[in-house]
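One file, data-v1.cif, is given below (mmCIF, C-alpha atoms).
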data_my_file
#
loop_
_atom_site.group_PDB
_atom_site.id
_atom_site.type_symbol
_atom_site.label_atom_id
_atom_site.label_comp_id
_atom_site.auth_asym_id
_atom_site.auth_seq_id
_atom_site.Cartn_x
_atom_site.Cartn_y
_atom_site.Cartn_z
ATOM 1 C CA MET A 135 61.453 31.464 -24.486
ATOM 2 C CA TYR A 136 60.277 31.138 -28.054
ATOM 3 C CA GLY A 137 56.978 32.934 -28.216
ATOM 4 C CA ASP A 138 56.054 35.635 -25.737
ATOM 5 C CA GLU A 139 52.572 36.004 -24.279
ATOM 6 C CA ALA A 140 51.523 38.489 -26.961
ATOM 7 C CA THR A 141 52.506 36.043 -29.723
ATOM 8 C CA VAL A 142 50.704 33.175 -27.985
ATOM 9 C CA ARG A 143 47.546 35.285 -27.683
ATOM 10 C CA LYS A 144 47.786 36.479 -31.293
ATOM 11 C CA ILE A 145 48.093 32.926 -32.663
ATOM 12 C CA LEU A 146 45.258 31.627 -30.513
ATOM 13 C CA THR A 147 42.821 34.505 -31.055
ATOM 14 C CA GLU A 148 43.662 36.452 -34.225
ATOM 15 C CA LEU A 149 45.315 34.328 -36.896
ATOM 16 C CA GLY A 150 42.466 32.010 -37.824
ATOM 17 C CA ASP A 151 40.656 28.912 -36.691
ATOM 18 C CA THR A 152 41.909 26.201 -39.082
ATOM 19 C CA TRP A 153 44.693 24.267 -37.402
ATOM 20 C CA ALA A 154 46.627 21.470 -39.106
ATOM 21 C CA VAL A 155 47.951 19.172 -36.381
ATOM 22 C CA VAL A 156 50.973 17.300 -37.718
ATOM 23 C CA GLY A 157 51.300 13.961 -35.967
ATOM 24 C CA LEU A 158 47.602 13.651 -35.094
ATOM 25 C CA SER A 159 46.250 10.127 -35.496
ATOM 26 C CA SER A 160 43.317 8.192 -34.078
ATOM 27 C CA ASN A 161 45.528 6.906 -31.223
ATOM 28 C CA ARG A 162 43.745 8.248 -28.135
ATOM 29 C CA GLN A 163 46.832 7.603 -25.999
ATOM 30 C CA ARG A 164 48.912 10.210 -27.823
ATOM 31 C CA ALA A 165 49.105 13.784 -26.578
ATOM 32 C CA ALA A 166 48.099 15.137 -29.991
ATOM 33 C CA TYR A 167 44.686 13.493 -29.674
ATOM 34 C CA GLY A 168 43.878 15.254 -26.395
ATOM 35 C CA VAL A 169 45.261 18.589 -27.537
ATOM 36 C CA ALA A 170 43.108 18.367 -30.668
ATOM 37 C CA GLU A 171 40.051 17.822 -28.461
ATOM 38 C CA VAL A 172 40.848 20.959 -26.469
ATOM 39 C CA LEU A 173 41.397 23.038 -29.612
ATOM 40 C CA ARG A 174 38.037 21.847 -30.974
ATOM 41 C CA ARG A 175 36.283 22.789 -27.711
ATOM 42 C CA PHE A 176 37.633 26.295 -28.186
ATOM 43 C CA GLY A 177 36.223 26.539 -31.708
ATOM 44 C CA LYS A 178 39.186 25.512 -33.822
ATOM 45 C CA ARG A 179 38.856 23.313 -36.892
ATOM 46 C CA VAL A 180 41.484 20.610 -36.401
ATOM 47 C CA VAL A 181 42.844 18.918 -39.522
ATOM 48 C CA PRO A 182 44.883 15.743 -38.893
ATOM 49 C CA VAL A 183 48.186 15.399 -40.755
ATOM 50 C CA HIS A 184 49.726 11.944 -40.429
ATOM 51 C CA PRO A 185 51.159 9.404 -42.886
ATOM 52 C CA LYS A 186 48.066 7.221 -42.314
ATOM 53 C CA ALA A 187 45.740 10.133 -43.288
ATOM 54 C CA GLU A 188 43.166 8.921 -40.777
ATOM 55 C CA THR A 189 39.910 10.693 -39.999
ATOM 56 C CA VAL A 190 40.150 12.019 -36.434
ATOM 57 C CA HIS A 191 37.413 13.809 -34.486
ATOM 58 C CA GLY A 192 35.297 13.609 -37.643
ATOM 59 C CA GLU A 193 37.795 15.549 -39.754
ATOM 60 C CA GLN A 194 39.402 14.002 -42.843
ATOM 61 C CA GLY A 195 43.127 13.451 -42.398
ATOM 62 C CA TYR A 196 45.884 14.123 -44.910
ATOM 63 C CA ALA A 197 49.297 12.526 -45.364
ATOM 64 C CA SER A 198 51.076 15.901 -45.617
ATOM 65 C CA LEU A 199 50.407 19.619 -45.360
ATOM 66 C CA ALA A 200 50.734 19.895 -49.134
ATOM 67 C CA ASP A 201 47.838 17.437 -49.552
ATOM 68 C CA ILE A 202 45.360 19.670 -47.697
ATOM 69 C CA PRO A 203 43.157 21.236 -50.420
ATOM 70 C CA PHE A 204 42.304 24.388 -48.465
ATOM 71 C CA GLU A 205 44.047 27.124 -46.499
ATOM 72 C CA VAL A 206 45.514 26.393 -43.091
ATOM 73 C CA ASP A 207 45.992 29.170 -40.547
ATOM 74 C CA VAL A 208 48.190 27.482 -37.939
ATOM 75 C CA VAL A 209 50.381 24.376 -38.134
ATOM 76 C CA ASP A 210 50.709 22.622 -34.761
ATOM 77 C CA VAL A 211 53.693 20.257 -34.756
ATOM 78 C CA PHE A 212 53.743 16.991 -32.787
ATOM 79 C CA VAL A 213 56.870 15.398 -34.256
ATOM 80 C CA ASN A 214 60.405 14.941 -32.939
ATOM 81 C CA SER A 215 62.608 18.025 -32.965
ATOM 82 C CA GLU A 216 64.785 16.419 -35.666
ATOM 83 C CA LEU A 217 61.788 16.360 -38.041
ATOM 84 C CA ALA A 218 60.127 19.597 -36.966
ATOM 85 C CA GLY A 219 62.218 21.961 -39.090
ATOM 86 C CA ALA A 220 61.041 20.325 -42.304
ATOM 87 C CA VAL A 221 57.441 20.659 -41.129
ATOM 88 C CA ALA A 222 57.983 24.356 -40.390
ATOM 89 C CA ASP A 223 59.341 24.803 -43.917
ATOM 90 C CA GLU A 224 56.256 23.025 -45.295
ATOM 91 C CA ALA A 225 54.051 25.383 -43.262
ATOM 92 C CA VAL A 226 55.785 28.372 -44.861
ATOM 93 C CA ALA A 227 55.275 26.842 -48.315
ATOM 94 C CA LYS A 228 51.612 26.132 -47.496
ATOM 95 C CA GLY A 229 51.030 29.804 -46.645
ATOM 96 C CA ALA A 230 50.162 29.324 -42.986
ATOM 97 C CA ALA A 231 50.117 32.364 -40.719
ATOM 98 C CA ALA A 232 51.784 30.617 -37.771
ATOM 99 C CA VAL A 233 53.650 27.539 -36.607
ATOM 100 C CA TRP A 234 53.354 26.059 -33.131
ATOM 101 C CA PHE A 235 55.938 23.542 -31.881
ATOM 102 C CA GLN A 236 54.631 21.496 -28.965
ATOM 103 C CA LEU A 237 56.279 21.001 -25.578
ATOM 104 C CA GLY A 238 59.722 19.493 -26.067
ATOM 105 C CA VAL A 239 59.834 20.286 -29.782
ATOM 106 C CA ILE A 240 62.715 22.706 -30.322
ATOM 107 C CA ASP A 241 64.592 23.719 -33.455
ATOM 108 C CA GLU A 242 66.162 27.151 -33.187
ATOM 109 C CA ASP A 243 67.145 27.281 -36.862
ATOM 110 C CA ALA A 244 63.578 26.477 -37.903
ATOM 111 C CA TYR A 245 62.326 29.188 -35.553
ATOM 112 C CA GLU A 246 64.607 31.759 -37.205
ATOM 113 C CA ARG A 247 63.677 30.645 -40.753
ATOM 114 C CA THR A 248 59.973 30.668 -39.993
ATOM 115 C CA ARG A 249 60.055 34.104 -38.373
ATOM 116 C CA ALA A 250 62.195 35.442 -41.254
ATOM 117 C CA ALA A 251 59.499 34.202 -43.657
ATOM 118 C CA GLY A 252 56.985 36.392 -41.807
ATOM 119 C CA LEU A 253 55.115 33.761 -39.810
ATOM 120 C CA GLU A 254 54.397 33.939 -36.119
ATOM 121 C CA MET A 255 55.913 31.063 -34.174
ATOM 122 C CA VAL A 256 55.811 29.532 -30.717
ATOM 123 C CA MET A 257 58.085 26.720 -29.646
ATOM 124 C CA ASP A 258 58.122 24.367 -26.644
ATOM 125 C CA ARG A 259 54.602 25.289 -25.489
ATOM 126 C CA CYS A 260 51.185 23.665 -25.661
ATOM 127 C CA PRO A 261 48.069 25.434 -26.976
ATOM 128 C CA ALA A 262 45.843 23.210 -24.819
ATOM 129 C CA ILE A 263 47.559 24.710 -21.775
ATOM 130 C CA GLU A 264 47.641 28.264 -23.113
ATOM 131 C CA ILE A 265 44.146 28.675 -24.604
ATOM 132 C CA PRO A 266 42.199 28.274 -21.328
ATOM 133 C CA ARG A 267 44.434 30.944 -19.750
ATOM 134 C CA LEU A 268 43.182 33.548 -22.187
ATOM 135 C CA GLY A 269 39.974 33.924 -20.220
#
What do you get writing this file as structure tokens?
Amino acid sequence: MYGDEATVRKILTELGDTWAVVGLSSNRQRAAYGVAEVLRRFGKRVVPVHPKAETVHGEQGYASLADIPFEVDVVDVFVNSELAGAVADEAVAKGAAAVWFQLGVIDEDAYERTRAAGLEMVMDRCPAIEIPRLG
């Protein structure tokens, strides 16, 4: 398990409300779209990061984390495991407080690098499942 309950709670309640969701586009059929809706219902600002830089849920999108002109608290990663490590490294460079790899997204080396850089990290879990459990 990569991310115990205390880490999950800390990311969701203490580390800030600006979430960059990497892989979020205007495609309503994708899981990222629904997860973004849930995060917004729970008070998070959701910033789309996708090569198309589309506006999603009324929020301007950006092609990369580096393009976002403001601080990001948490980077939520909806890309294949093979690409996720590079995104985690970008989150460290961006100064995020935490990285969240979605269900099925696993990169143990990225987890170790991200934690060593001082960020909190959860892997292979979904915030849309976890946040309602907080009560």
Output of the PyMOL selection byres ((chain A and resi 179) around 6), listed as an MDAnalysis selection string: chainID A and resid 151:153 178 180
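When only C-alpha atoms are used to compute distances to Arg259 (chain A), the closest of the residues A:Ala218, A:Ala197, A:Ala232, A:Val211 turns out to be A:Val211.
Computed from the coordinates, the CA of Ala231 (chain A) to CA of Val156 (chain A) distance equals 15.4 Å.
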Selection near region 138-146 of chain A, 12 Å with all atoms listed in the file, sequence-local residues under 2 positions removed, as a PyMOL selection string: chain A and resi 135-136+148-153+173+176-178+207-210+230-235+249+253-269
Padding 5 Å on each side, edges along x, y and z: where is the centre of the box around the listed atoms of region 250-265 of chain A, and how long are its edges in Å to one decimal? Output it as AutoDock Vina command-line options.
--center_x 53.2 --center_y 29.8 --center_z -32.7 --size_x 28.0 --size_y 23.2 --size_z 31.9
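Residues matched by the PyMOL selection byres ((chain A and resi 215) around 8) in this structure: Val213, Asn214, Glu216, Leu217, Ala218, Gly219, Gly238, Val239, Ile240 and Asp241 of chain A.
Restricting the calculation to only C-alpha atoms, the smallest distance between Ala225 (chain A) and any of A:Leu199, A:Glu205, A:Val172, A:Glu242 is found for A:Leu199.
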The distance between CA of Lys228 (chain A) and CA of Gln163 (chain A) is 28.8 Å
